[in-house]
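Structure, as C-alpha coordinates:
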Amino acid sequence: ETGVTQTPRHLVMGMTNKKSLKCEQHLGHNAMYWYKQSAKKPLELMFVYSLEERVENNSVPSRFSPECPNSSHLFLHLHTLQPEDSALYLCASSQETQRGAKNIQYFGAGTRLSVL
Amino acid sequence: DAKTTQPNSMESNEEEPVHLPCNHSTISGTDYIHWYRQLPSQGPEYVIHGLTSNVNNRMASLAIAEDRKSSTLILHRATLRDAAVYYCILRNSGAGSYQLTFGKGTKLSVIP
(Lines give C-alpha, C1' and ligand atoms only; values in the text may rest on other atoms or scores of the structure.)
Protein backbone atom coordinates (compact mmCIF):
# COMPACT_ATOMS: atom_id res chain seq x y z
CA GLU A 1 0.00 0.00 0.00
CA THR A 2 1.66 3.19 -1.23
CA GLY A 3 -0.90 5.69 0.06
CA VAL A 4 -2.04 6.45 -3.50
CA THR A 5 -5.29 4.78 -4.56
CA GLN A 6 -6.54 4.62 -8.12
CA THR A 7 -10.00 3.59 -9.27
CA PRO A 8 -11.09 1.73 -11.22
CA ARG A 9 -8.25 -0.77 -11.65
CA HIS A 10 -9.60 -1.85 -15.04
CA LEU A 11 -11.77 0.01 -17.53
CA VAL A 12 -13.09 -0.91 -20.95
CA MET A 13 -14.72 1.84 -22.98
CA GLY A 14 -15.90 2.52 -26.47
CA MET A 15 -14.60 5.38 -28.54
CA THR A 16 -17.74 7.44 -28.00
CA ASN A 17 -17.92 6.98 -24.23
CA LYS A 18 -17.04 9.45 -21.53
CA LYS A 19 -15.36 8.11 -18.42
CA SER A 20 -13.19 9.37 -15.57
CA LEU A 21 -10.22 7.95 -13.73
CA LYS A 22 -9.85 8.81 -10.07
CA CYS A 23 -6.78 9.12 -7.89
CA GLU A 24 -6.66 9.82 -4.18
CA GLN A 25 -3.55 10.28 -2.06
CA HIS A 26 -3.49 9.91 1.73
CA LEU A 27 0.05 11.20 2.21
CA GLY A 28 -0.54 14.93 2.64
CA HIS A 29 1.45 15.71 -0.51
CA ASN A 30 1.18 18.94 -2.48
CA ALA A 31 1.83 17.68 -6.02
CA MET A 32 0.06 15.06 -8.13
CA TYR A 33 0.85 13.56 -11.52
CA TRP A 34 -0.69 11.55 -14.35
CA TYR A 35 1.55 9.20 -16.33
CA LYS A 36 0.77 6.97 -19.30
CA GLN A 37 2.48 3.61 -19.82
CA SER A 38 1.84 2.01 -23.19
CA ALA A 39 2.94 -1.51 -24.02
CA LYS A 40 6.68 -1.71 -24.50
CA LYS A 41 7.15 2.05 -24.10
CA PRO A 42 8.59 4.02 -21.18
CA LEU A 43 6.33 5.89 -18.81
CA GLU A 44 5.32 9.27 -20.19
CA LEU A 45 4.45 12.20 -17.97
CA MET A 46 1.10 13.70 -18.97
CA PHE A 47 0.15 16.31 -16.39
CA VAL A 48 1.48 17.79 -13.16
CA TYR A 49 -0.48 19.66 -10.52
CA SER A 50 1.29 21.55 -7.78
CA LEU A 51 -0.80 23.17 -5.04
CA GLU A 52 -3.86 22.34 -7.18
CA GLU A 53 -2.60 24.33 -10.17
CA ARG A 54 -1.59 22.64 -13.39
CA VAL A 55 2.10 23.31 -13.89
CA GLU A 56 2.89 20.91 -16.72
CA ASN A 57 0.95 19.65 -19.71
CA ASN A 58 3.17 17.55 -21.93
CA SER A 59 1.42 18.03 -25.28
CA VAL A 60 -1.42 15.75 -24.33
CA PRO A 61 -4.44 15.63 -26.71
CA SER A 62 -7.52 17.48 -25.53
CA ARG A 63 -9.51 14.25 -25.29
CA PHE A 64 -7.70 13.87 -21.95
CA SER A 65 -8.82 16.47 -19.43
CA PRO A 66 -7.34 16.55 -15.91
CA GLU A 67 -8.99 18.00 -12.84
CA CYS A 68 -7.52 18.59 -9.39
CA PRO A 69 -10.29 19.80 -7.03
CA ASN A 70 -8.06 19.64 -3.95
CA SER A 71 -4.61 18.47 -2.97
CA SER A 72 -5.78 14.92 -2.24
CA HIS A 73 -7.75 14.16 -5.39
CA LEU A 74 -6.91 14.03 -9.06
CA PHE A 75 -9.15 13.04 -11.95
CA LEU A 76 -8.53 12.27 -15.59
CA HIS A 77 -11.63 12.79 -17.71
CA LEU A 78 -11.69 10.80 -20.93
CA HIS A 79 -13.83 11.39 -24.02
CA THR A 80 -13.79 10.18 -27.62
CA LEU A 81 -10.65 8.16 -27.07
CA GLN A 82 -8.87 6.16 -29.75
CA PRO A 83 -7.74 2.52 -29.56
CA GLU A 84 -4.12 3.70 -29.37
CA ASP A 85 -4.98 5.35 -26.03
CA SER A 86 -5.24 1.89 -24.49
CA ALA A 87 -2.57 1.81 -21.79
CA LEU A 88 -1.86 1.73 -18.07
CA TYR A 89 -2.57 5.14 -16.53
CA LEU A 90 -0.62 5.84 -13.39
CA CYS A 91 -1.14 8.49 -10.77
CA ALA A 92 1.62 9.67 -8.45
CA SER A 93 2.06 12.21 -5.69
CA SER A 94 5.00 13.90 -4.00
CA GLN A 95 5.80 16.57 -1.47
CA GLU A 96 7.57 19.19 -3.49
CA THR A 97 10.00 21.53 -1.79
CA GLN A 98 12.58 23.93 -3.12
CA ARG A 99 15.11 21.08 -3.13
CA GLY A 100 13.17 19.29 -5.86
CA ALA A 101 15.66 16.59 -6.69
CA LYS A 102 15.23 14.83 -3.35
CA ASN A 103 11.49 14.58 -3.65
CA ILE A 104 10.18 11.06 -4.02
CA GLN A 105 7.14 10.22 -6.09
CA TYR A 106 4.69 7.62 -4.79
CA PHE A 107 2.68 5.78 -7.41
CA GLY A 108 -0.69 4.12 -7.41
CA ALA A 109 -1.22 0.70 -8.95
CA GLY A 110 -2.72 2.21 -12.09
CA THR A 111 -5.86 1.87 -14.18
CA ARG A 112 -5.61 -0.53 -17.11
CA LEU A 113 -7.64 1.13 -19.89
CA SER A 114 -8.82 -0.64 -23.02
CA VAL A 115 -10.48 1.41 -25.76
CA LEU A 116 -12.53 -0.62 -28.22
CA ASP B 1 17.32 16.03 -19.30
CA ALA B 2 20.55 14.05 -19.04
CA LYS B 3 20.14 10.50 -20.28
CA THR B 4 20.84 7.16 -18.61
CA THR B 5 21.83 3.84 -20.19
CA GLN B 6 20.99 0.49 -18.62
CA PRO B 7 21.18 -3.11 -19.82
CA ASN B 8 17.83 -4.36 -21.09
CA SER B 9 17.80 -7.42 -18.85
CA MET B 10 19.74 -9.28 -16.16
CA GLU B 11 19.38 -12.55 -14.31
CA SER B 12 20.27 -13.46 -10.79
CA ASN B 13 20.02 -16.52 -8.63
CA GLU B 14 17.90 -16.25 -5.53
CA GLU B 15 19.75 -15.20 -2.36
CA GLU B 16 22.76 -13.94 -4.32
CA PRO B 17 23.78 -10.27 -4.64
CA VAL B 18 22.78 -8.35 -7.74
CA HIS B 19 24.60 -5.37 -9.22
CA LEU B 20 22.51 -3.30 -11.62
CA PRO B 21 24.64 -0.81 -13.59
CA CYS B 22 23.65 2.57 -14.97
CA ASN B 23 25.69 4.94 -17.14
CA HIS B 24 24.98 8.66 -17.10
CA SER B 25 27.98 10.28 -18.73
CA THR B 26 26.23 13.64 -19.32
CA ILE B 27 25.12 14.09 -15.71
CA SER B 28 25.25 17.66 -14.43
CA GLY B 29 26.41 18.77 -11.02
CA THR B 30 22.84 19.42 -9.89
CA ASP B 31 21.40 16.05 -10.96
CA TYR B 32 20.46 13.51 -8.32
CA ILE B 33 20.51 9.81 -9.22
CA HIS B 34 17.22 8.09 -8.42
CA TRP B 35 16.29 4.42 -8.71
CA TYR B 36 12.75 3.15 -8.96
CA ARG B 37 11.46 -0.33 -9.67
CA GLN B 38 8.21 -1.61 -11.11
CA LEU B 39 6.90 -5.00 -10.09
CA PRO B 40 4.49 -6.77 -12.44
CA SER B 41 1.01 -5.21 -12.48
CA GLN B 42 2.04 -2.40 -10.14
CA GLY B 43 3.14 1.20 -10.34
CA PRO B 44 6.78 2.19 -9.93
CA GLU B 45 8.20 2.15 -6.41
CA TYR B 46 11.01 4.33 -5.08
CA VAL B 47 14.15 2.40 -4.16
CA ILE B 48 16.95 4.84 -3.36
CA HIS B 49 18.64 8.05 -4.45
CA GLY B 50 21.96 9.82 -4.05
CA LEU B 51 24.11 12.72 -5.21
CA THR B 52 27.80 11.95 -4.69
CA SER B 53 28.26 9.59 -1.76
CA ASN B 54 27.27 5.95 -1.58
CA VAL B 55 23.90 5.41 0.08
CA ASN B 56 22.33 2.51 1.96
CA ASN B 57 18.75 1.86 2.97
CA ARG B 58 16.69 -1.17 3.93
CA MET B 59 15.99 -2.04 0.30
CA ALA B 60 19.33 -1.57 -1.42
CA SER B 61 22.67 0.21 -1.68
CA LEU B 62 23.68 2.78 -4.26
CA ALA B 63 27.32 3.01 -5.30
CA ILE B 64 28.20 6.19 -7.23
CA ALA B 65 31.41 6.47 -9.22
CA GLU B 66 33.79 9.21 -8.21
CA ASP B 67 33.24 11.07 -11.50
CA ARG B 68 29.46 10.48 -11.17
CA LYS B 69 29.26 9.19 -14.72
CA SER B 70 27.97 5.83 -13.59
CA SER B 71 26.26 4.21 -10.64
CA THR B 72 25.32 0.74 -9.46
CA LEU B 73 22.26 -0.39 -7.57
CA ILE B 74 23.11 -3.28 -5.28
CA LEU B 75 20.56 -5.74 -3.95
CA HIS B 76 22.41 -7.68 -1.29
CA ARG B 77 20.33 -10.87 -1.43
CA ALA B 78 17.93 -11.18 -4.32
CA THR B 79 14.54 -12.70 -3.57
CA LEU B 80 11.81 -13.74 -5.97
CA ARG B 81 9.96 -10.59 -4.93
CA ASP B 82 12.79 -8.47 -6.37
CA ALA B 83 11.94 -9.55 -9.93
CA ALA B 84 10.98 -6.25 -11.53
CA VAL B 85 12.02 -3.57 -14.01
CA TYR B 86 14.59 -1.25 -12.42
CA TYR B 87 14.82 2.34 -13.61
CA CYS B 88 17.80 4.63 -13.15
CA ILE B 89 16.68 8.27 -13.42
CA LEU B 90 18.44 11.61 -13.16
CA ARG B 91 16.46 14.30 -11.43
CA ASN B 92 17.53 17.95 -11.56
CA SER B 93 17.60 19.74 -8.25
CA GLY B 94 16.08 22.97 -9.56
CA ALA B 95 12.89 24.17 -7.92
CA GLY B 96 9.89 23.24 -9.99
CA SER B 97 11.68 20.33 -11.66
CA TYR B 98 8.88 17.80 -11.47
CA GLN B 99 9.95 15.55 -14.29
CA LEU B 100 10.93 11.95 -13.70
CA THR B 101 12.06 10.76 -17.14
CA PHE B 102 11.74 6.99 -17.26
CA GLY B 103 13.74 4.99 -19.80
CA LYS B 104 13.23 1.33 -20.61
CA GLY B 105 15.03 0.16 -17.47
CA THR B 106 16.58 -3.22 -16.68
CA LYS B 107 14.30 -6.21 -16.35
CA LEU B 108 15.66 -8.33 -13.50
CA SER B 109 14.74 -12.00 -13.41
CA VAL B 110 15.42 -13.96 -10.22
CA ILE B 111 15.94 -17.70 -10.59
CA PRO B 112 14.86 -19.91 -7.68
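Every chain in the C-alpha coordinates takes a letter, A first, then B, and so on in the order presented; its residues are numbered from 1, and the ligands are numbered from 1 following the presented order.
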Notebook entry, point to check: What's the 9 Å shell around Lys41 in chain A, counting only C-alpha atoms, without same-chain residues fewer than 4 positions away, as a ChimeraX atom specification?
Noted result: /A:37 /B:103-104
Checklist line | chain A contacts to chain B at 12 Å (only C-alpha atoms) as a VMD selection string | finding: chain A and resid 1 to 6 9 to 10 30 to 51 54 to 58 88 to 112
Notebook entry, point to check: Looking at only C-alpha atoms, which of B:Ser71, B:Ile89, B:Ala60, B:Arg81 is the one that sits closest to Pro17 in chain B?
Noted result: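 That would be B:Ala60, the residue with the smallest distance to Pro17 in chain B.
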